[in-house]
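**Student:** Once you've had a glance at the structure underneath, I'll fire off some questions.
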Amino acid sequence: MRVGVVIFPGSNCDRDAMWAVERAGAEPVELWHADADLKGADAVILPGGFSYGDYLRPGAIARFARVMGPLERFAREGGPVLGICNGFQVLCEAHLLPGALLQNRGLRFVCRRVRVRVERADTPWTAACEMGEELTLPVAHNEGNYFADPATLARLEEEGRVVLRYLENPNGSASDIAGVCSEDRNVVGMMPHPERASDPLLGSEDGLGILCSVLAGVRA
Amino acid sequence: MSVRETYGALGLSDREYERILKLLGRAPNFLELSLFSVMWSEHCGYKNSRPLLGRFPNEGPRVLQGPGENAGVVEAGDGWALAFKIESHNHPSAVEPYEGAATGVGGIIRDILAMGARPVALLDSLRFGPLDEERNRYLFREVVRGIGGYGNAVGVPTVGGEVEFAPAYSGNPLVNAMCVGLVRVEDLVRSRASGVGNLVMLLGSRTGRDGIHGATFASDELTGESESRRSNVQVGDPFAEKMLIECCLELLEEDLLVSLQDLGAAGITSSASEMAAKGKVGIEIETDRVPLREEGMEPVEIMLSESQERMLAVVEPQKAERVRKLARRYGVGAAVIGRVADHGELRVVHGGEVVGSVPAEHLADAPLYEREVVRPAYLDGARRLDLAAVPPPRDYGTALLRLLSHPSLRSRRSVYEQYDHEVGTCTVVRPGADAAVMRIRGTNRGYAITTDGRGRHCYLDPRGGGAATVAEAYRNLSCVGAEPVALTNCLNFGSPEKPEGYYQLAECIEGMAGACEALGTPVVSGNVSLYNETERGAVYPTPVVGMVGLLEDVRRHATPEIKREGDALVLVGR
Amino acid sequence: MRVRVLVRPKQGILDPQGEAVRSALPALGFEGVRSVRVGRLIELELESDAEVEAMCRRLLANPTTEEYEWEVVG
Amino acid sequence: MRVRVLVRPKQGILDPQGEAVRSALPALGFEGVRSVRVGRLIELELESDAEVEAMCRRLLANPTTEEYEWEVVG
Ligand SMILES: Nc1ncnc2c1ncn2[C@@H]1O[C@H](COP(=O)(O)OP(=O)(O)O)[C@@H](O)[C@H]1O
């Protein structure tokens, strides 16, 4: 199983994501932002960081990177795509996920561990988790305040597309949303960093389930 | 302007000017005078502190590189080495706190990068005046934002540090940033230029009129006027730095560079002259080949610009094209701006003509000032405290609460939560403990890092305080289970030209050096920030120690939390 | 040709920055400010304004949360 | 009364945002943009413009790195 990790200029969790993918038992594949294809990846992660410095708006410039063309096709064909933190922001900017991530309500960057609840286990990125399971995951962001208009929020709830919800909301997100999925459920975006919680030495393995999910999903 | 006014305005004394005349055997032109002025500033030349710094022990079984390079390096086991250094950005932060702190972080990261190491951890040691003053609150808030803004974006975790408040720092905050990098022992790079005919390439951002004479500025007292010296302000671009880091590391991996040096204070001038002096060669810089951000810059401005996010590299001519190509992949500028020559001079060429040329070794060899060490009178009064005369508190509970709510004792969570302390997924013990513990991936090894300073103690007892600072860092590392190995330090003091200032400096160094010898922790790098004075006086003498220790098995570390109800508390020590 | 683009949070969208500025003003002695919105100013130097509308829509503003206007200023 | 304040990086001061946008544009198919400066737009709703100048100087703009202009727009 090959999991592609996209490197935009300014990504800074790309290597962390690759190490975690390896720990989860898959083969990480580097995808350079200027690549024209996904090198045969079975799933793709857009990692955290500050693509293009987060200048203008986080994700605003990265969504136009060359690799995003094949990625959008892959996503539309049902390929599993996970956006973590800045990756989530990129997916929203690219309209692969609804909504937008505004500046944290507290106006500050926030780096801490928060408890979240897995709301749905029927996505390729949460299949190995239990529905309702509580995880402690690190967040580290300045723009993680999830926003969508009321109609979109209602639809997300109705269609069961809120994938992760904060039990302690660190940023003012609407409906405590920490992660959502696309209509077809294959594209997931989340602000918490599962790759930072994938080694007991770092104090938590709660994120490993998310990274392992995709293995289970594709093998099935 | 007369000659005397000119060199005076550049911060050179009569004696220094005479020395330049003697060294050159002729009168320097304005450009040459400017080169001397920045290189002989305290900031670059250490003219007041160098004689004292010799007191520090700097050898040890694990030391691979002591003072004299961009950072100190110790061996960490399994073929790994740690490069580390701490540096101040006090004056720029006093004037423009966000950018001052941000560019301080950017600068220290490039020092580590220049050793060929990947920057993997940051720490920040901060001092501010009391928070009941609006300006101090503003400085505190913006400095912390600036450190986070840069460190978070560049992807190096800020894993520790300290913050303290005291009136002595009002209007003159201390902003010290430390960076640690990891490098394979065999991949260590040095800054020495070599190979006559090799090319000198400038990597990174374009050059603008940023911070011209910043180095002389940093060696000056802060006055109301400083705030309006706008050309001193540099703006950081962490995105450019991130690309520069990845680019330089790959250039080194591909073996495309002969040597590498960061550009900091005094820009191309200090980098090129240091590279030349260390390699005992000359360097010619063609200022018209430097990519500029602004039109109409004079050679002197180009030579002194402190534009951020730049590195200088020596490259063999046949490799230049590959360097350019690789840099393009990262969107990093790479321009040949000169070459290594055999004449031993730093030579500036503009429009095909030599517009200045001085021996690099003289630029690197600032005059040294040994001043008389006079014990200041304040010490007698300051140290008279009769503990018996302090009444016991009426209610110990209230007294304890008051203590705990003091800004210098309160939880630091609101500060370190603004820093990404986990990026890189190597942070084993996060901020909030006595020291941060980091793992070395692919091994069982780890290392611990702490920064400590004791300004008030050093004010009251410079020698004892200096020793206690080193001891505190040593204890903090021991507390997490690490074996302390070596340290870096930043000496934040007032003016050495005043007897109190020089005494404090000399005595603190004496105390620190003694403790280093006793504890077996050599000093492998450091930085000096003098002239931390405002109209209200000097800051407390505040040497800050950044110490690094090793853990053979990183899983066996300790954390301060009380783990279980019923466990015994034991007080160890005297 | 110089073009000025103004981007601001849409009506009804939380604007924490604007709110922070508004609540900081009284402490500095500035009373009577009812509301503050903080957005972005983007100034472009370009050859023709033919594509400015497309740039705004695709890059400079996020249609989910922001509205924009632009004009040629010189 | 509505007041619009435009804050932009001073001439000569590095503007990393503007530079990043400028260099991204050609890849998006927008050619011919020579320079981009990114600043802030601040819109105030207030009773009188008597203190706007002071607000700009003390809070809305950072005089060390930014310049500002303001006008009443409604
Ligand atoms: N400026 C800072 N940046 C990052 N971490 C900090 C900072 N200040 C404090 N910390 C963290 O909080 C811990 C506790 O700080 P402090 O109360 O000053 O303790 P100590 O006296 O043991 O140094 C520090 O060891 C460090 O991990």
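For the structure tokens, the naming scheme is as follows: chains receive sequential letters (A, B, ...) according to their order of presentation, residues are indexed from 1 within each chain, and ligands are indexed from 1 in presentation order.
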I need the residues of range 29-67 of chain C that end up classed as strand (DSSP E or B) by DSSP on the backbone, written out as a list of chain:residue names.
**Tutor:** C:Val33, C:Arg34, C:Ser35, C:Val36, C:Arg37, C:Val38, C:Gly39, C:Arg40, C:Leu41, C:Ile42, C:Glu43, C:Leu44, C:Glu45, C:Leu46, C:Glu66, C:Glu67
**Student:** Using only C-alpha atoms and all ligand atoms, which residues of the polymer chains come no farther than 10 Å from ligand 1? I'd like the answer as an mmCIF file with N, CA and C atoms, in the first residue's frame.
**Tutor:**
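Done, and the output landed in selection.cif:
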```
data_model
loop_
_atom_site.group_PDB
_atom_site.id
_atom_site.type_symbol
_atom_site.label_atom_id
_atom_site.label_comp_id
_atom_site.auth_asym_id
_atom_site.auth_seq_id
_atom_site.Cartn_x
_atom_site.Cartn_y
_atom_site.Cartn_z
ATOM 1 N N LEU B 122 14.190 24.994 18.980
ATOM 2 C CA LEU B 122 14.420 26.393 19.351
ATOM 3 C C LEU B 122 14.058 26.584 20.819
ATOM 4 N N LEU B 123 14.738 27.527 21.456
ATOM 5 C CA LEU B 123 14.336 27.948 22.805
ATOM 6 C C LEU B 123 14.422 29.461 22.836
ATOM 7 N N ASP B 124 13.638 30.071 23.727
ATOM 8 C CA ASP B 124 13.687 31.525 23.817
ATOM 9 C C ASP B 124 13.771 31.959 25.260
ATOM 10 N N SER B 125 14.715 32.828 25.533
ATOM 11 C CA SER B 125 14.869 33.357 26.876
ATOM 12 C C SER B 125 14.521 34.834 26.834
ATOM 13 N N LEU B 126 13.479 35.212 27.600
ATOM 14 C CA LEU B 126 12.916 36.559 27.467
ATOM 15 C C LEU B 126 12.897 37.308 28.797
ATOM 16 N N ARG B 127 13.116 38.617 28.720
ATOM 17 C CA ARG B 127 12.989 39.485 29.903
ATOM 18 C C ARG B 127 12.251 40.747 29.492
ATOM 19 N N VAL B 143 6.625 40.212 21.040
ATOM 20 C CA VAL B 143 7.830 39.371 20.970
ATOM 21 C C VAL B 143 7.420 37.902 20.914
ATOM 22 N N VAL B 144 6.493 37.521 21.774
ATOM 23 C CA VAL B 144 6.051 36.124 21.785
ATOM 24 C C VAL B 144 5.391 35.782 20.446
ATOM 25 N N ILE B 147 8.170 35.355 17.812
ATOM 26 C CA ILE B 147 8.913 34.089 17.914
ATOM 27 C C ILE B 147 8.062 32.960 17.344
ATOM 28 N N GLY B 148 6.792 32.924 17.748
ATOM 29 C CA GLY B 148 5.902 31.896 17.217
ATOM 30 C C GLY B 148 5.698 32.060 15.725
ATOM 31 N N PRO B 157 10.461 23.310 15.996
ATOM 32 C CA PRO B 157 9.665 23.442 17.208
ATOM 33 C C PRO B 157 10.366 24.313 18.253
ATOM 34 N N THR B 158 9.598 25.139 18.945
ATOM 35 C CA THR B 158 10.134 25.905 20.068
ATOM 36 C C THR B 158 9.806 25.119 21.323
ATOM 37 N N VAL B 159 10.808 24.500 21.902
ATOM 38 C CA VAL B 159 10.551 23.490 22.920
ATOM 39 C C VAL B 159 10.832 23.955 24.341
ATOM 40 N N GLY B 160 11.338 25.149 24.500
ATOM 41 C CA GLY B 160 11.616 25.591 25.858
ATOM 42 C C GLY B 160 12.030 27.041 25.881
ATOM 43 N N GLY B 161 12.330 27.500 27.086
ATOM 44 C CA GLY B 161 12.738 28.883 27.230
ATOM 45 C C GLY B 161 12.357 29.382 28.594
ATOM 46 N N GLU B 162 12.392 30.666 28.770
ATOM 47 C CA GLU B 162 11.981 31.259 30.040
ATOM 48 C C GLU B 162 11.510 32.682 29.811
ATOM 49 N N VAL B 163 10.712 33.164 30.751
ATOM 50 C CA VAL B 163 10.239 34.551 30.719
ATOM 51 C C VAL B 163 10.318 35.091 32.131
ATOM 52 N N GLU B 164 10.868 36.273 32.274
ATOM 53 C CA GLU B 164 10.845 36.924 33.581
ATOM 54 C C GLU B 164 10.596 38.408 33.425
ATOM 55 N N VAL B 175 15.709 39.527 24.382
ATOM 56 C CA VAL B 175 15.139 38.494 23.521
ATOM 57 C C VAL B 175 16.297 37.644 23.016
ATOM 58 N N ASN B 176 16.487 36.504 23.650
ATOM 59 C CA ASN B 176 17.570 35.597 23.269
ATOM 60 C C ASN B 176 16.951 34.340 22.673
ATOM 61 N N ALA B 177 17.453 33.946 21.536
ATOM 62 C CA ALA B 177 16.926 32.735 20.909
ATOM 63 C C ALA B 177 18.055 31.737 20.742
ATOM 64 N N PRO B 407 4.057 37.549 38.226
ATOM 65 C CA PRO B 407 4.297 37.273 36.801
ATOM 66 C C PRO B 407 5.521 36.400 36.544
ATOM 67 N N SER B 408 6.522 36.505 37.398
ATOM 68 C CA SER B 408 7.721 35.709 37.142
ATOM 69 C C SER B 408 7.562 34.261 37.602
ATOM 70 N N LEU B 409 6.498 33.945 38.302
ATOM 71 C CA LEU B 409 6.315 32.564 38.776
ATOM 72 C C LEU B 409 5.116 31.866 38.141
ATOM 73 N N ARG B 410 4.244 32.658 37.581
ATOM 74 C CA ARG B 410 3.024 32.098 36.999
ATOM 75 C C ARG B 410 3.284 31.042 35.928
ATOM 76 N N SER B 411 2.273 30.282 35.617
ATOM 77 C CA SER B 411 2.386 29.309 34.533
ATOM 78 C C SER B 411 2.762 30.025 33.235
ATOM 79 N N ARG B 412 3.601 29.377 32.454
ATOM 80 C CA ARG B 412 4.039 29.933 31.156
ATOM 81 C C ARG B 412 3.249 29.354 29.993
ATOM 82 N N ARG B 413 2.143 28.684 30.319
ATOM 83 C CA ARG B 413 1.402 28.016 29.268
ATOM 84 C C ARG B 413 0.940 28.974 28.175
ATOM 85 N N SER B 414 0.493 30.164 28.583
ATOM 86 C CA SER B 414 -0.027 31.083 27.569
ATOM 87 C C SER B 414 1.072 31.511 26.597
ATOM 88 N N VAL B 415 2.318 31.381 27.018
ATOM 89 C CA VAL B 415 3.414 31.681 26.096
ATOM 90 C C VAL B 415 3.695 30.473 25.208
ATOM 91 N N TYR B 416 3.979 29.330 25.831
ATOM 92 C CA TYR B 416 4.455 28.230 24.981
ATOM 93 C C TYR B 416 3.357 27.584 24.165
ATOM 94 N N GLU B 417 2.099 27.836 24.511
ATOM 95 C CA GLU B 417 1.029 27.334 23.645
ATOM 96 C C GLU B 417 0.960 28.091 22.324
ATOM 97 N N GLN B 418 1.630 29.239 22.273
ATOM 98 C CA GLN B 418 1.659 29.965 21.000
ATOM 99 C C GLN B 418 2.785 29.478 20.092
ATOM 100 N N TYR B 419 3.580 28.567 20.633
ATOM 101 C CA TYR B 419 4.676 28.008 19.851
ATOM 102 C C TYR B 419 4.343 26.574 19.474
ATOM 103 N N ASP B 420 4.571 26.232 18.233
ATOM 104 C CA ASP B 420 4.462 24.838 17.842
ATOM 105 C C ASP B 420 5.658 24.127 18.451
ATOM 106 N N HIS B 421 5.409 23.324 19.498
ATOM 107 C CA HIS B 421 6.557 22.654 20.124
ATOM 108 C C HIS B 421 6.656 21.192 19.712
ATOM 109 N N VAL B 429 9.798 15.430 25.857
ATOM 110 C CA VAL B 429 9.278 16.185 26.997
ATOM 111 C C VAL B 429 9.036 17.608 26.528
ATOM 112 N N ARG B 430 7.790 18.010 26.579
ATOM 113 C CA ARG B 430 7.367 19.298 26.020
ATOM 114 C C ARG B 430 7.556 20.418 27.038
ATOM 115 N N PRO B 431 7.344 21.668 26.628
ATOM 116 C CA PRO B 431 7.528 22.791 27.557
ATOM 117 C C PRO B 431 6.692 22.613 28.822
ATOM 118 N N GLY B 432 7.207 23.165 29.903
ATOM 119 C CA GLY B 432 6.512 23.045 31.170
ATOM 120 C C GLY B 432 7.318 22.216 32.158
ATOM 121 N N ALA B 433 8.300 21.499 31.666
ATOM 122 C CA ALA B 433 9.176 20.714 32.559
ATOM 123 C C ALA B 433 10.454 21.514 32.811
ATOM 124 N N ASP B 434 11.423 20.900 33.473
ATOM 125 C CA ASP B 434 12.661 21.625 33.778
ATOM 126 C C ASP B 434 13.526 21.820 32.548
ATOM 127 N N ALA B 435 13.422 20.889 31.633
ATOM 128 C CA ALA B 435 14.156 21.005 30.372
ATOM 129 C C ALA B 435 13.371 20.226 29.336
ATOM 130 N N ALA B 436 13.583 20.570 28.076
ATOM 131 C CA ALA B 436 12.930 19.818 27.009
ATOM 132 C C ALA B 436 13.783 18.583 26.718
ATOM 133 N N VAL B 437 13.135 17.481 26.392
ATOM 134 C CA VAL B 437 13.860 16.283 25.981
ATOM 135 C C VAL B 437 13.457 15.966 24.544
ATOM 136 N N ILE B 449 17.578 20.025 26.622
ATOM 137 C CA ILE B 449 18.023 21.400 26.426
ATOM 138 C C ILE B 449 17.314 22.304 27.430
ATOM 139 N N THR B 450 18.022 23.286 27.932
ATOM 140 C CA THR B 450 17.406 24.269 28.816
ATOM 141 C C THR B 450 18.085 25.617 28.614
ATOM 142 N N THR B 451 17.352 26.686 28.909
ATOM 143 C CA THR B 451 18.007 27.994 29.003
ATOM 144 C C THR B 451 17.709 28.566 30.383
ATOM 145 N N ASP B 452 18.690 29.203 30.971
ATOM 146 C CA ASP B 452 18.506 29.796 32.286
ATOM 147 C C ASP B 452 19.298 31.078 32.434
ATOM 148 N N GLY B 453 18.687 32.014 33.164
ATOM 149 C CA GLY B 453 19.369 33.257 33.469
ATOM 150 C C GLY B 453 18.888 33.740 34.820
ATOM 151 N N ARG B 454 19.722 34.452 35.533
ATOM 152 C CA ARG B 454 19.361 34.920 36.876
ATOM 153 C C ARG B 454 19.803 36.356 37.027
ATOM 154 N N GLU B 472 22.277 26.164 37.673
ATOM 155 C CA GLU B 472 20.838 25.963 37.502
ATOM 156 C C GLU B 472 20.548 25.188 36.207
ATOM 157 N N ALA B 473 21.243 25.582 35.154
ATOM 158 C CA ALA B 473 21.047 24.871 33.884
ATOM 159 C C ALA B 473 21.437 23.403 34.052
ATOM 160 N N ARG B 475 21.400 21.637 36.772
ATOM 161 C CA ARG B 475 20.359 20.932 37.556
ATOM 162 C C ARG B 475 19.130 20.643 36.709
ATOM 163 N N ASN B 476 18.731 21.612 35.906
ATOM 164 C CA ASN B 476 17.534 21.397 35.079
ATOM 165 C C ASN B 476 17.709 20.202 34.153
ATOM 166 N N PRO B 560 8.456 16.361 35.730
ATOM 167 C CA PRO B 560 8.236 16.875 37.082
ATOM 168 C C PRO B 560 6.876 16.563 37.719
#
```
**Student:** Where does DSSP see alpha helix (DSSP H) in range 8-64 of chain D, if you list the residues as a ChimeraX atom specification?
**Tutor:** /D:16-24,52-55
**Student:** Kindly assemble as a Markdown table a list of the chain C residues that lie within 9 Å of chain D, each paired with its nearest atom pair and their distance in Å to one decimal, using only C-alpha atoms, sorted first by chain and then by ascending residue number.
**Tutor:**
```
| residue | atom | partner | partner_atom | distance |
| --- | --- | --- | --- | --- |
| C:Leu6 | CA | D:Leu41 | CA | 6.8 |
| C:Val7 | CA | D:Leu41 | CA | 7.6 |
| C:Arg8 | CA | D:Leu41 | CA | 7.6 |
| C:Gly18 | CA | D:Ile42 | CA | 7.9 |
| C:Val21 | CA | D:Leu60 | CA | 7.9 |
| C:Arg22 | CA | D:Leu44 | CA | 8.8 |
| C:Ala24 | CA | D:Leu59 | CA | 8.6 |
| C:Leu25 | CA | D:Met55 | CA | 7.9 |
| C:Leu28 | CA | D:Arg58 | CA | 8.5 |
| C:Phe30 | CA | D:Glu51 | CA | 7.3 |
| C:Glu31 | CA | D:Leu46 | CA | 8.8 |
| C:Gly32 | CA | D:Leu46 | CA | 5.8 |
| C:Val33 | CA | D:Leu46 | CA | 4.4 |
| C:Arg34 | CA | D:Glu45 | CA | 5.4 |
| C:Ser35 | CA | D:Glu45 | CA | 5.1 |
| C:Val36 | CA | D:Leu44 | CA | 4.7 |
| C:Arg37 | CA | D:Glu43 | CA | 5.1 |
| C:Val38 | CA | D:Ile42 | CA | 4.6 |
| C:Gly39 | CA | D:Leu41 | CA | 4.7 |
| C:Arg40 | CA | D:Arg40 | CA | 4.4 |
| C:Leu41 | CA | D:Gly39 | CA | 4.7 |
| C:Ile42 | CA | D:Val38 | CA | 4.6 |
| C:Glu43 | CA | D:Arg37 | CA | 5.1 |
| C:Leu44 | CA | D:Val36 | CA | 4.7 |
| C:Glu45 | CA | D:Ser35 | CA | 5.0 |
| C:Leu46 | CA | D:Val33 | CA | 4.4 |
| C:Glu47 | CA | D:Gly32 | CA | 5.8 |
| C:Ser48 | CA | D:Gly32 | CA | 7.9 |
| C:Glu51 | CA | D:Phe30 | CA | 7.3 |
| C:Met55 | CA | D:Phe30 | CA | 7.6 |
| C:Leu59 | CA | D:Leu25 | CA | 8.8 |
| C:Leu60 | CA | D:Val21 | CA | 8.9 |
```
**Student:** Any chance you could tabulate, as a tab-separated table, the residues of chain D at most 8 Å from chain B with each one's nearest atom pair and distance in Å to one decimal, using only C-alpha atoms, in chain and rising number order?
**Tutor:**
```
residue	atom	partner	partner_atom	distance
D:Gly12	CA	B:Glu294	CA	6.9
D:Ile13	CA	B:Val235	CA	7.1
D:Leu14	CA	B:Val235	CA	6.0
D:Asp15	CA	B:Val235	CA	7.9
D:Pro16	CA	B:Asp237	CA	5.8
D:Thr64	CA	B:Arg230	CA	6.3
D:Thr65	CA	B:Val233	CA	7.5
```
**Student:** Let's have the selection written as a PDB file, in the first residue's frame, with all heavy atoms.
**Tutor:**
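Wrote again_20.pdb, looks like this:
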```
ATOM      1  N   GLY D  12      10.137  50.124   0.481  1.00  0.00           N
ATOM      2  CA  GLY D  12      11.468  49.648   0.859  1.00  0.00           C
ATOM      3  C   GLY D  12      11.442  48.568   1.917  1.00  0.00           C
ATOM      4  O   GLY D  12      12.414  47.864   2.111  1.00  0.00           O
ATOM      5  N   ILE D  13      10.311  48.442   2.613  1.00  0.00           N
ATOM      6  CA  ILE D  13      10.222  47.383   3.621  1.00  0.00           C
ATOM      7  C   ILE D  13       9.784  46.114   2.914  1.00  0.00           C
ATOM      8  O   ILE D  13       8.889  46.145   2.067  1.00  0.00           O
ATOM      9  CB  ILE D  13       9.212  47.779   4.723  1.00  0.00           C
ATOM     10  CG1 ILE D  13       9.775  48.945   5.526  1.00  0.00           C
ATOM     11  CG2 ILE D  13       8.842  46.592   5.578  1.00  0.00           C
ATOM     12  CD1 ILE D  13      10.200  48.630   6.924  1.00  0.00           C
ATOM     13  N   LEU D  14      10.442  45.041   3.253  1.00  0.00           N
ATOM     14  CA  LEU D  14      10.138  43.752   2.622  1.00  0.00           C
ATOM     15  C   LEU D  14       8.671  43.404   2.838  1.00  0.00           C
ATOM     16  O   LEU D  14       8.140  43.552   3.934  1.00  0.00           O
ATOM     17  CB  LEU D  14      11.028  42.683   3.253  1.00  0.00           C
ATOM     18  CG  LEU D  14      10.837  41.254   2.744  1.00  0.00           C
ATOM     19  CD1 LEU D  14      11.409  41.113   1.349  1.00  0.00           C
ATOM     20  CD2 LEU D  14      11.514  40.268   3.687  1.00  0.00           C
ATOM     21  N   ASP D  15       8.028  42.948   1.778  1.00  0.00           N
ATOM     22  CA  ASP D  15       6.628  42.530   1.863  1.00  0.00           C
ATOM     23  C   ASP D  15       6.539  41.081   1.382  1.00  0.00           C
ATOM     24  O   ASP D  15       6.253  40.814   0.225  1.00  0.00           O
ATOM     25  CB  ASP D  15       5.775  43.458   0.985  1.00  0.00           C
ATOM     26  CG  ASP D  15       4.343  42.968   0.865  1.00  0.00           C
ATOM     27  OD1 ASP D  15       3.895  42.170   1.705  1.00  0.00           O
ATOM     28  OD2 ASP D  15       3.670  43.384  -0.095  1.00  0.00           O
ATOM     29  N   PRO D  16       6.824  40.141   2.297  1.00  0.00           N
ATOM     30  CA  PRO D  16       6.891  38.737   1.872  1.00  0.00           C
ATOM     31  C   PRO D  16       5.575  38.251   1.268  1.00  0.00           C
ATOM     32  O   PRO D  16       5.585  37.482   0.308  1.00  0.00           O
ATOM     33  CB  PRO D  16       7.205  37.966   3.155  1.00  0.00           C
ATOM     34  CG  PRO D  16       7.521  38.956   4.202  1.00  0.00           C
ATOM     35  CD  PRO D  16       7.079  40.305   3.735  1.00  0.00           C
ATOM     36  N   THR D  64       6.476  51.803  12.501  1.00  0.00           N
ATOM     37  CA  THR D  64       7.834  51.370  12.182  1.00  0.00           C
ATOM     38  C   THR D  64       7.906  50.713  10.806  1.00  0.00           C
ATOM     39  O   THR D  64       8.904  50.828  10.113  1.00  0.00           O
ATOM     40  CB  THR D  64       8.330  50.365  13.234  1.00  0.00           C
ATOM     41  OG1 THR D  64       7.969  50.857  14.521  1.00  0.00           O
ATOM     42  CG2 THR D  64       9.818  50.180  13.173  1.00  0.00           C
ATOM     43  N   THR D  65       6.854  50.021  10.438  1.00  0.00           N
ATOM     44  CA  THR D  65       6.938  49.247   9.206  1.00  0.00           C
ATOM     45  C   THR D  65       5.849  49.598   8.201  1.00  0.00           C
ATOM     46  O   THR D  65       5.927  49.200   7.055  1.00  0.00           O
ATOM     47  CB  THR D  65       6.805  47.738   9.513  1.00  0.00           C
ATOM     48  OG1 THR D  65       5.604  47.539  10.275  1.00  0.00           O
ATOM     49  CG2 THR D  65       7.979  47.229  10.313  1.00  0.00           C
TER      50      THR D  65
END
```
**Student:** Could you check which of D:Pro9, D:Glu69, D:Ala20, D:Cys56 is closest to chain A, using only C-alpha atoms?
**Tutor:** D:Ala20
**Student:** If you take only C-alpha atoms and a cut-off of 7 Å, which residues of chain A touch chain D, and what are their nearest atom pairs and distances in Å to one decimal, in chain and number order, as JSON lines?
**Tutor:**
```
{"residue": "A:Tyr52", "atom": "CA", "partner": "D:Ala20", "partner_atom": "CA", "distance": 6.8}
{"residue": "A:Tyr55", "atom": "CA", "partner": "D:Gln17", "partner_atom": "CA", "distance": 5.1}
{"residue": "A:Leu56", "atom": "CA", "partner": "D:Gln17", "partner_atom": "CA", "distance": 6.5}
{"residue": "A:Ile61", "atom": "CA", "partner": "D:Ala24", "partner_atom": "CA", "distance": 6.9}
{"residue": "A:Phe64", "atom": "CA", "partner": "D:Leu28", "partner_atom": "CA", "distance": 6.5}
```
